[in-house]
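*Asks:* model08.txt is reproduced in full below (compact mmCIF, C-alpha atoms and all ligand atoms).
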# COMPACT_ATOMS: atom_id res chain seq x y z
CA MET A 1 104.53 30.35 51.29
CA GLU A 2 104.79 32.63 54.27
CA ILE A 3 107.03 35.64 53.92
CA LYS A 4 108.89 37.25 56.75
CA SER A 5 110.19 40.64 55.76
CA THR A 6 113.33 40.42 57.90
CA ASP A 7 114.31 37.00 56.67
CA ALA A 8 117.19 37.43 54.25
CA SER A 9 116.06 34.85 51.71
CA ASP A 10 112.40 35.93 51.87
CA PHE A 11 113.48 39.51 51.46
CA LYS A 12 115.56 38.65 48.41
CA LEU A 13 112.72 36.65 46.90
CA VAL A 14 110.25 39.50 47.26
CA TYR A 15 112.84 42.00 46.09
CA ASP A 16 113.62 40.08 42.93
CA SER A 17 110.00 39.52 42.04
CA SER A 18 108.81 43.05 42.64
CA PHE A 19 111.59 45.57 42.04
CA THR A 20 110.85 46.28 38.38
CA LEU A 21 107.13 46.41 38.96
CA LEU A 22 107.59 48.90 41.80
CA MET A 23 109.83 50.97 39.58
CA ARG A 24 107.08 51.15 37.00
CA VAL A 25 104.59 52.29 39.61
CA SER A 26 106.97 54.81 41.10
CA TYR A 27 108.24 56.13 37.79
CA HIS A 28 104.79 56.81 36.40
CA ILE A 29 103.94 58.95 39.37
CA VAL A 30 107.15 60.98 39.70
CA TYR A 31 108.42 60.69 36.08
CA ASN A 32 112.05 60.63 37.12
CA GLU A 33 114.12 57.47 37.24
CA ASP A 34 116.42 58.47 40.08
CA ILE A 35 113.66 59.70 42.34
CA ALA A 36 111.60 56.65 41.46
CA GLU A 37 114.48 54.45 42.52
CA GLU A 38 114.98 56.27 45.82
CA LEU A 39 111.33 55.81 46.62
CA VAL A 40 111.40 52.12 45.80
CA GLN A 41 114.40 51.76 48.07
CA GLU A 42 112.54 53.60 50.79
CA ALA A 43 109.59 51.22 50.39
CA PHE A 44 111.88 48.21 50.83
CA GLU A 45 113.46 49.80 53.89
CA ARG A 46 110.05 50.16 55.48
CA PHE A 47 109.25 46.63 54.47
CA TYR A 48 112.26 45.39 56.38
CA VAL A 49 112.09 47.69 59.36
CA LYS A 50 108.43 46.95 60.04
CA ASN A 51 109.30 43.29 60.45
CA MET A 52 106.08 41.93 59.02
CA THR A 53 104.79 38.55 58.02
CA PHE A 54 102.73 37.98 54.88
CA PRO A 55 100.80 34.89 53.85
CA SER A 56 102.34 34.95 50.36
CA VAL A 57 104.76 36.72 48.04
CA ASP A 58 101.79 38.36 46.33
CA GLU A 59 100.51 39.83 49.56
CA ALA A 60 103.95 41.21 50.34
CA MET A 61 104.03 42.69 46.85
CA PHE A 62 100.62 44.32 47.26
CA TRP A 63 101.86 45.94 50.45
CA LEU A 64 104.99 47.20 48.71
CA ILE A 65 103.03 48.58 45.77
CA ARG A 66 100.72 50.42 48.14
CA VAL A 67 103.63 51.92 50.08
CA THR A 68 105.57 52.84 46.93
CA LYS A 69 102.50 54.48 45.44
CA ASN A 70 101.91 56.50 48.61
CA LEU A 71 105.53 57.55 48.88
CA ALA A 72 105.49 58.67 45.26
CA LEU A 73 102.23 60.56 45.63
CA ASN A 74 103.56 62.28 48.75
CA HIS A 75 106.71 63.19 46.92
CA VAL A 76 104.73 64.77 44.08
CA ARG A 77 102.54 66.63 46.56
CA ARG A 78 105.53 68.00 48.41
CA HIS A 79 107.34 69.07 45.29
CA LYS A 80 104.44 70.50 43.43
CA ARG A 81 105.53 74.12 43.83
CA GLU A 82 104.45 76.39 41.07
CA LEU A 83 104.31 73.83 38.33
CA ASN A 84 101.48 71.41 38.17
CA MET A 85 102.11 67.91 36.92
CA VAL A 86 100.64 68.51 33.49
CA GLU A 87 103.11 71.31 32.94
CA LYS A 88 105.96 69.20 34.21
CA VAL A 89 105.12 66.38 31.87
CA LYS A 90 105.13 68.79 28.97
CA LYS A 91 108.58 70.04 29.84
CA MET A 92 110.01 66.68 30.69
CA PRO A 93 112.85 65.43 28.53
CA GLY A 94 111.71 62.33 26.78
CA GLU A 95 113.10 58.91 27.43
CA ALA A 96 113.41 56.03 25.05
CA SER A 97 110.62 53.61 25.30
CA SER A 98 109.80 50.11 24.26
CA ASN A 99 106.74 48.05 24.78
CA GLN A 100 106.22 45.46 27.47
CA ASP A 101 107.37 42.39 25.60
CA GLY A 102 110.71 44.04 25.04
CA SER A 103 110.65 44.55 21.31
CA LYS A 104 112.02 47.98 20.69
CA GLN A 105 109.11 49.76 19.24
CA LEU A 106 109.87 53.40 19.51
CA ILE A 107 107.09 55.84 19.55
CA GLU A 108 107.34 59.51 18.96
CA GLN A 109 108.36 61.74 21.84
CA GLU A 110 105.39 63.97 21.21
CA THR A 111 103.10 61.01 21.44
CA ILE A 112 104.58 59.93 24.77
CA GLN A 113 104.14 63.40 26.14
CA ALA A 114 100.64 63.72 24.80
CA VAL A 115 99.72 60.43 26.44
CA ARG A 116 101.28 61.40 29.77
CA LYS A 117 99.64 64.77 29.69
CA ALA A 118 96.29 63.12 29.07
CA ILE A 119 96.84 60.65 31.93
CA GLU A 120 97.84 63.41 34.32
CA SER A 121 94.74 65.36 33.51
CA LEU A 122 92.52 62.49 34.67
CA PRO A 123 90.81 62.70 38.04
CA ASP A 124 92.97 61.12 40.78
CA ASN A 125 90.76 58.10 41.31
CA LEU A 126 90.96 57.14 37.64
CA LYS A 127 94.58 58.09 37.25
CA ILE A 128 96.04 55.65 39.76
CA VAL A 129 93.83 52.80 38.56
CA ILE A 130 94.81 53.14 34.92
CA LYS A 131 98.49 53.40 35.87
CA LEU A 132 98.35 50.24 37.93
CA LYS A 133 96.39 48.52 35.19
CA GLU A 134 98.69 49.40 32.29
CA TYR A 135 102.09 49.51 33.99
CA THR A 136 101.91 46.51 36.29
CA ASP A 137 100.89 42.94 35.69
CA LEU A 138 98.14 43.16 38.27
CA ASP A 139 94.63 42.02 37.45
CA TYR A 140 91.50 43.80 38.63
CA LYS A 141 91.51 41.82 41.83
CA GLY A 142 95.11 42.71 42.63
CA ILE A 143 94.56 46.38 41.88
CA GLY A 144 91.53 46.27 44.15
CA LYS A 145 93.67 44.83 46.94
CA VAL A 146 96.33 47.48 46.55
CA LEU A 147 93.84 50.31 46.55
CA GLY A 148 91.34 48.84 48.98
CA ILE A 149 88.47 48.98 46.53
CA SER A 150 86.30 46.28 45.01
CA GLU A 151 87.13 44.39 41.87
CA SER A 152 84.10 45.75 40.06
CA ASN A 153 85.05 49.24 41.09
CA VAL A 154 88.42 48.69 39.44
CA LYS A 155 86.70 47.41 36.31
CA VAL A 156 84.52 50.51 36.06
CA ARG A 157 87.39 52.90 36.66
CA VAL A 158 89.65 51.25 34.09
CA PHE A 159 86.91 51.61 31.53
CA ARG A 160 86.16 55.24 32.43
CA ALA A 161 89.81 56.14 32.31
CA ARG A 162 90.14 54.59 28.87
CA LYS A 163 87.11 56.44 27.55
CA LYS A 164 88.45 59.72 28.89
CA LEU A 165 91.86 59.08 27.38
CA GLU A 166 90.27 58.13 24.09
CA GLU A 167 88.47 61.42 24.11
CA LEU A 168 91.49 63.48 25.18
CA LEU A 169 93.89 61.87 22.76
CA GLY A 170 91.38 61.86 19.92
CA LYS A 171 91.05 65.61 20.23
CA GLU A 172 94.72 66.19 19.73
CA ASP A 173 94.44 65.54 16.05
CA GLY A 174 97.56 64.27 14.39
CA TYR A 175 98.97 62.79 17.57
CA VAL A 176 97.10 59.62 17.91
CA TYR A 177 94.37 58.86 15.47
CA MET B 1 71.56 44.86 20.30
CA CYS B 2 75.17 45.79 20.90
CA ILE B 3 77.09 44.82 24.00
CA ASP B 4 77.94 47.25 26.73
CA GLU B 5 81.27 48.90 26.05
CA GLN B 6 82.45 48.28 29.56
CA LEU B 7 82.23 44.57 28.87
CA ILE B 8 84.44 45.13 25.84
CA SER B 9 87.01 46.82 28.07
CA SER B 10 86.98 43.89 30.49
CA TYR B 11 87.15 41.51 27.57
CA LEU B 12 90.25 43.34 26.37
CA ASP B 13 91.85 42.75 29.76
CA GLY B 14 90.96 39.07 29.66
CA GLU B 15 88.81 39.57 32.72
CA LEU B 16 85.43 38.65 31.37
CA CYS B 17 83.96 35.48 32.77
CA GLU B 18 81.44 33.12 31.23
CA PRO B 19 78.83 33.32 29.82
CA TYR B 20 79.69 36.96 28.97
CA LYS B 21 82.97 36.05 27.39
CA SER B 22 81.41 33.69 24.84
CA GLN B 23 78.56 36.06 24.18
CA THR B 24 80.95 38.93 23.59
CA GLU B 25 83.10 36.86 21.29
CA GLU B 26 80.10 35.77 19.33
CA HIS B 27 78.88 39.34 18.96
CA LEU B 28 82.31 40.55 17.94
CA SER B 29 82.42 37.90 15.24
CA TYR B 30 79.91 39.85 13.17
CA CYS B 31 79.48 43.38 14.62
CA LYS B 32 81.74 45.90 12.96
CA ALA B 33 80.78 48.71 15.32
CA CYS B 34 81.80 46.73 18.40
CA ASN B 35 85.02 45.64 16.76
CA ALA B 36 85.81 49.29 16.16
CA ARG B 37 85.10 50.00 19.85
CA LEU B 38 87.40 47.19 20.88
CA GLU B 39 90.11 48.50 18.57
CA LYS B 40 89.86 52.00 19.97
CA LEU B 41 90.11 50.79 23.55
CA LYS B 42 93.03 48.59 22.64
CA LYS B 43 94.77 51.47 20.96
CA VAL B 44 94.47 53.63 24.05
CA SER B 45 95.70 50.79 26.24
CA ASP B 46 98.69 50.17 23.97
CA LEU B 47 99.58 53.84 23.81
CA VAL B 48 99.62 54.09 27.58
CA LYS B 49 101.75 50.97 27.86
CA LEU B 50 104.14 52.25 25.21
CA SER B 51 104.66 55.56 26.93
CA SER B 52 106.85 53.84 29.49
CA PRO B 53 110.59 53.36 29.63
CA SER B 54 111.57 49.74 29.10
CA ASP B 55 111.95 47.37 32.03
CA GLU B 56 115.59 47.24 31.18
CA VAL B 57 115.95 50.96 31.79
CA LEU B 58 113.83 50.91 34.92
CA SER B 59 115.62 48.00 36.53
CA LYS B 60 119.17 49.10 35.90
CA GLY B 61 119.66 50.11 39.54
CA LYS B 62 118.28 46.87 40.88
CA ASP B 63 121.54 45.30 42.02
CA GLU B 64 122.92 48.51 43.39
CA VAL B 65 119.87 49.20 45.52
CA PHE B 66 119.88 45.64 46.77
CA ALA B 67 123.52 45.92 47.77
CA LEU B 68 122.71 49.04 49.76
CA LEU B 69 119.80 47.39 51.52
CA GLU B 70 121.82 44.30 52.19
CA LYS B 71 124.60 46.30 53.71
CA LYS B 72 122.28 48.37 55.80
CA TYR B 73 119.95 45.68 57.10
CA LEU B 74 120.59 42.13 56.13
CA GLY B 75 124.30 42.03 56.65
CA GLN B 76 124.32 42.69 60.38
CA LYS B 77 122.18 39.82 61.45
CA LYS B 78 123.14 37.14 59.03
CA LYS B 79 126.62 36.16 58.25
CA HIS B 80 125.78 33.32 55.94
CA ILE B 81 123.49 34.86 53.36
CA SER B 82 125.50 33.93 50.39
CA PHE B 83 128.48 31.83 49.88
CA LEU B 84 131.71 33.53 49.19
CA ARG B 85 135.03 31.93 48.70
CA ARG B 86 138.14 33.66 49.69
CA LYS B 87 141.56 32.37 49.19
CA PHE B 88 144.34 32.72 51.66
CA GLU B 89 147.69 31.97 50.29
CA VAL B 90 150.51 31.50 52.67
CA THR B 91 153.77 29.72 52.77
CA PHE B 92 154.74 27.38 55.48
CA PRO B 93 158.49 27.10 55.57
CA THR B 94 158.33 25.20 58.79
CA MET B 95 156.00 22.58 57.49
CA VAL B 96 158.38 20.95 55.16
CA THR B 97 162.01 21.15 55.98
CA SER B 98 163.49 20.97 52.52
CA ALA B 99 160.85 22.91 50.63
CA ALA B 100 158.12 25.43 51.25
CA ALA B 101 154.65 24.41 50.38
CA VAL B 102 152.21 27.00 49.28
CA VAL B 103 149.13 26.13 51.15
CA VAL B 104 145.89 27.49 49.89
CA ILE B 105 143.12 27.64 52.39
CA PHE B 106 139.64 28.19 51.14
CA VAL B 107 137.41 29.71 53.70
CA GLY B 108 133.82 29.62 52.73
CA GLY B 109 130.56 30.69 54.14
CA PHE B 110 131.07 34.23 55.24
CA VAL B 111 130.25 37.43 53.58
CA LEU B 112 131.98 40.71 53.98
CA PHE B 113 130.05 43.90 54.22
CA GLY B 114 132.86 46.33 54.42
CA SER B 115 134.20 44.88 57.63
CA ASN B 116 137.27 43.25 56.25
CA SER B 117 139.63 43.97 59.07
CA SER B 118 137.35 42.80 61.83
CA GLN B 119 136.67 39.56 60.04
CA THR B 120 140.30 39.13 59.35
CA ASN B 121 140.97 39.55 63.02
CA GLU B 122 138.41 36.97 63.77
CA ILE B 123 140.09 34.45 61.55
CA VAL B 124 143.70 35.13 62.28
CA PRO B 125 144.09 37.85 64.88
CA SER B 126 147.70 38.69 64.25
CA PHE B 127 147.52 39.21 60.52
CA ASN B 128 146.83 42.18 58.37
CA LEU B 129 144.79 41.91 55.28
CA GLN B 130 145.90 43.01 51.92
CA ALA B 131 143.27 42.61 49.31
CA GLY B 132 144.47 41.59 45.92
CA GLN B 133 142.46 41.73 42.75
CA ASP B 134 140.85 38.39 43.02
CA ASN B 135 142.24 36.83 46.09
CA VAL B 136 143.37 37.85 49.46
CA ARG B 137 146.75 37.34 50.88
CA PHE B 138 147.87 37.48 54.40
CA VAL B 139 151.24 38.92 54.93
CA SER B 140 152.67 38.98 58.33
CA ASN B 141 153.83 42.25 59.83
CA LYS B 142 154.56 40.83 63.18
CA GLU B 143 157.01 38.55 64.76
CA GLN B 144 154.45 35.90 65.28
CA GLY B 145 153.26 35.01 61.81
CA LEU B 146 151.16 32.30 60.34
CA ASP B 147 154.15 30.07 60.17
CA SER B 148 154.36 29.95 63.92
CA TYR B 149 151.01 28.17 63.96
CA SER B 150 150.81 24.65 62.77
CA LEU B 151 148.45 23.96 59.96
CA GLU B 152 146.43 21.86 62.33
CA GLU B 153 146.03 24.76 64.73
CA ILE B 154 144.85 27.04 61.97
CA MET B 155 142.35 24.47 60.82
CA LYS B 156 141.06 23.99 64.33
CA TYR B 157 140.77 27.69 64.82
CA LEU B 158 138.80 28.26 61.62
CA ASP B 159 136.67 25.26 62.36
CA SER B 160 135.80 26.58 65.79
CA LYS B 161 134.68 29.82 64.15
CA GLY B 162 132.28 27.90 61.97
CA TYR B 163 133.98 28.37 58.64
CA GLU B 164 134.06 25.80 55.95
CA VAL B 165 137.64 25.12 55.23
CA ASP B 166 139.33 23.10 52.63
CA ILE B 167 142.99 23.03 52.01
CA SER B 168 144.94 22.23 48.97
CA ILE B 169 148.63 22.14 48.68
CA LYS B 170 149.55 23.93 45.51
CA GLY B 171 152.99 22.55 45.02
CA LEU B 172 156.32 22.14 46.56
CA LYS B 173 159.01 24.56 45.61
CA PRO B 174 162.59 24.86 46.71
CA LEU B 175 163.06 27.32 49.54
CA GLU B 176 165.36 29.61 47.55
CA GLU B 177 162.67 30.36 45.02
CA THR B 178 159.80 30.89 47.38
CA SER B 179 161.80 33.23 49.50
CA THR B 180 161.68 35.85 46.74
CA GLU B 181 157.98 35.62 46.26
CA PRO B 182 155.77 38.29 47.74
CA THR B 183 153.73 35.70 49.57
CA SER B 184 156.61 34.37 51.54
CA LEU B 185 156.95 35.32 55.12
CA GLU B 186 159.98 37.22 56.02
ZN ZN C 1 77.85 45.51 18.34
Please, can you express the file's structure as structure tokens?
Ligand SMILES: [Zn+2]
*Replies:*
Amino acid sequence: MEIKSTDASDFKLVYDSSFTLLMRVSYHIVYNEDIAEELVQEAFERFYVKNMTFPSVDEAMFWLIRVTKNLALNHVRRHKRELNMVEKVKKMPGEASSNQDGSKQLIEQETIQAVRKAIESLPDNLKIVIKLKEYTDLDYKGIGKVLGISESNVKVRVFRARKKLEELLGKEDGYVY
Amino acid sequence: MCIDEQLISSYLDGELCEPYKSQTEEHLSYCKACNARLEKLKKVSDLVKLSSPSDEVLSKGKDEVFALLEKKYLGQKKKHISFLRRKFEVTFPTMVTSAAAVVVIFVGGFVLFGSNSSQTNEIVPSFNLQAGQDNVRFVSNKEQGLDSYSLEEIMKYLDSKGYEVDISIKGLKPLEETSTEPTSLE
């Protein structure tokens, strides 16, 4: 189904199917709900203003994820100041969390922060891939489309990121294992 | 020989195709070491997933943001995005000589994006709008009120503007009573 970004019903369809997913992408880059929301809004504004046509809802969504991710990364770059992200994550007030299927399974604040700290210490090329993998419903192919890399490249990076995280989180004894 | 750990990671994501998938499953059915590897990778994956606010928390601004976008972009071009019913309640003392009928006109098919007065003017130019809690009432401030138009003229007018109109007559009341009601036209 072709999607025209300025068509009201197409816009609504894409909005409804991608808002939460974009929030997950945005949030896990800026780690602030309000800023994440502003950036998602900005992405939808660009989507509309650019007056584009996509061959499917998925393609429109890939475009939006890419734009949201770039907006969020730019935001972080601009607001880096003296604190690096790892430090920010450490100082961040924790937020309640539950797992993807909605069952409220709270995990310790320290664990959340340890995990985020570990993710933020990954090299950039692994960091974004693991975030897209774990926080969106995208498969390797979809992640590849968003990032403009091959499916097998995604596969390799997901694995490397996991191994690094395993190592980083394993070291922090008591936290994870 | 054990399987490559990267295959285990892909297997975990459900992205392993045949024949590797079957081979991996078969190997996992007896190899404790590979099962432990799978478990470790799964644990990391779960931890990352769990370190996220719930979808409920993340999507709480969804409607609000949409309303903003709608107002800013979608509202200007399209009048008929969603269907909204508004109720105009007026009395027509001239319609029935012995009693005033409260005529309820439902106007459907237009959406307001903060431009109440201009739309009101479009529908009935000489009336001011006073928004109630759940309906809207027109009360005449001017000499020439709704009651100087015939119902037929109003219908024609709304029809020419492309609104869906249906009319129901709520009831007939004696003039003395209706004259004290706030909806009556002085
Ligand atoms: Zn093995």
*Asks:* What residues of the protein or nucleic acid chains come within 6 Å of ligand ZN 1 (chain C) when you use all atoms listed in the file? Reply as a compact mmCIF listing (two decimals) with C-alpha atoms, in the coordinates of the input.
*Replies:*
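pocket-v2.txt, written as the output of this step:
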# COMPACT_ATOMS: atom_id res chain seq x y z
CA CYS B 2 75.17 45.79 20.90
CA ILE B 3 77.09 44.82 24.00
CA CYS B 31 79.48 43.38 14.62
CA ALA B 33 80.78 48.71 15.32
CA CYS B 34 81.80 46.73 18.40
*Asks:* Could you list, as an MDAnalysis selection string, every residue within 7 Å of stretch 69-75 of chain A, counting only C-alpha atoms and ignoring same-chain residues fewer than 4 positions away?
*Replies:* chainID A and resid 25:26 29:30 39 65 79
*Asks:* Within 6 Å of chain A, which residues belong to chain B? Use only C-alpha atoms and report them as a PyMOL selection string.
*Replies:* chain B and resi 6+9+49-54+59
*Asks:* Would you work out the distance separating atom CA of A:Ile143 from atom CA of B:Gly14, expressed in Å to one decimal?
*Replies:*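 Computed distance, atom CA of A:Ile143 to atom CA of B:Gly14, equals 14.7 Å.
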*Asks:* Just the number, please: distance in Å from atom CA of A:Asp124 to atom CA of A:Asp137, one decimal.
*Replies:*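 Between these atoms lies a distance of 20.5 Å.
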*Asks:* Between atom CA of B:His27 and atom CA of B:Leu47, what is the distance, to one decimal in Å?
*Replies:*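 Atom-to-atom, atom CA of B:His27 to atom CA of B:Leu47, that is 25.7 Å.
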*Asks:* Just the residues within 9 Å of B:Tyr11, please, counting only C-alpha atoms, with nothing from its chain fewer than 6 positions along; format it as number ranges by chain.
*Replies:* B: 17, 20-21, 24-25, 38
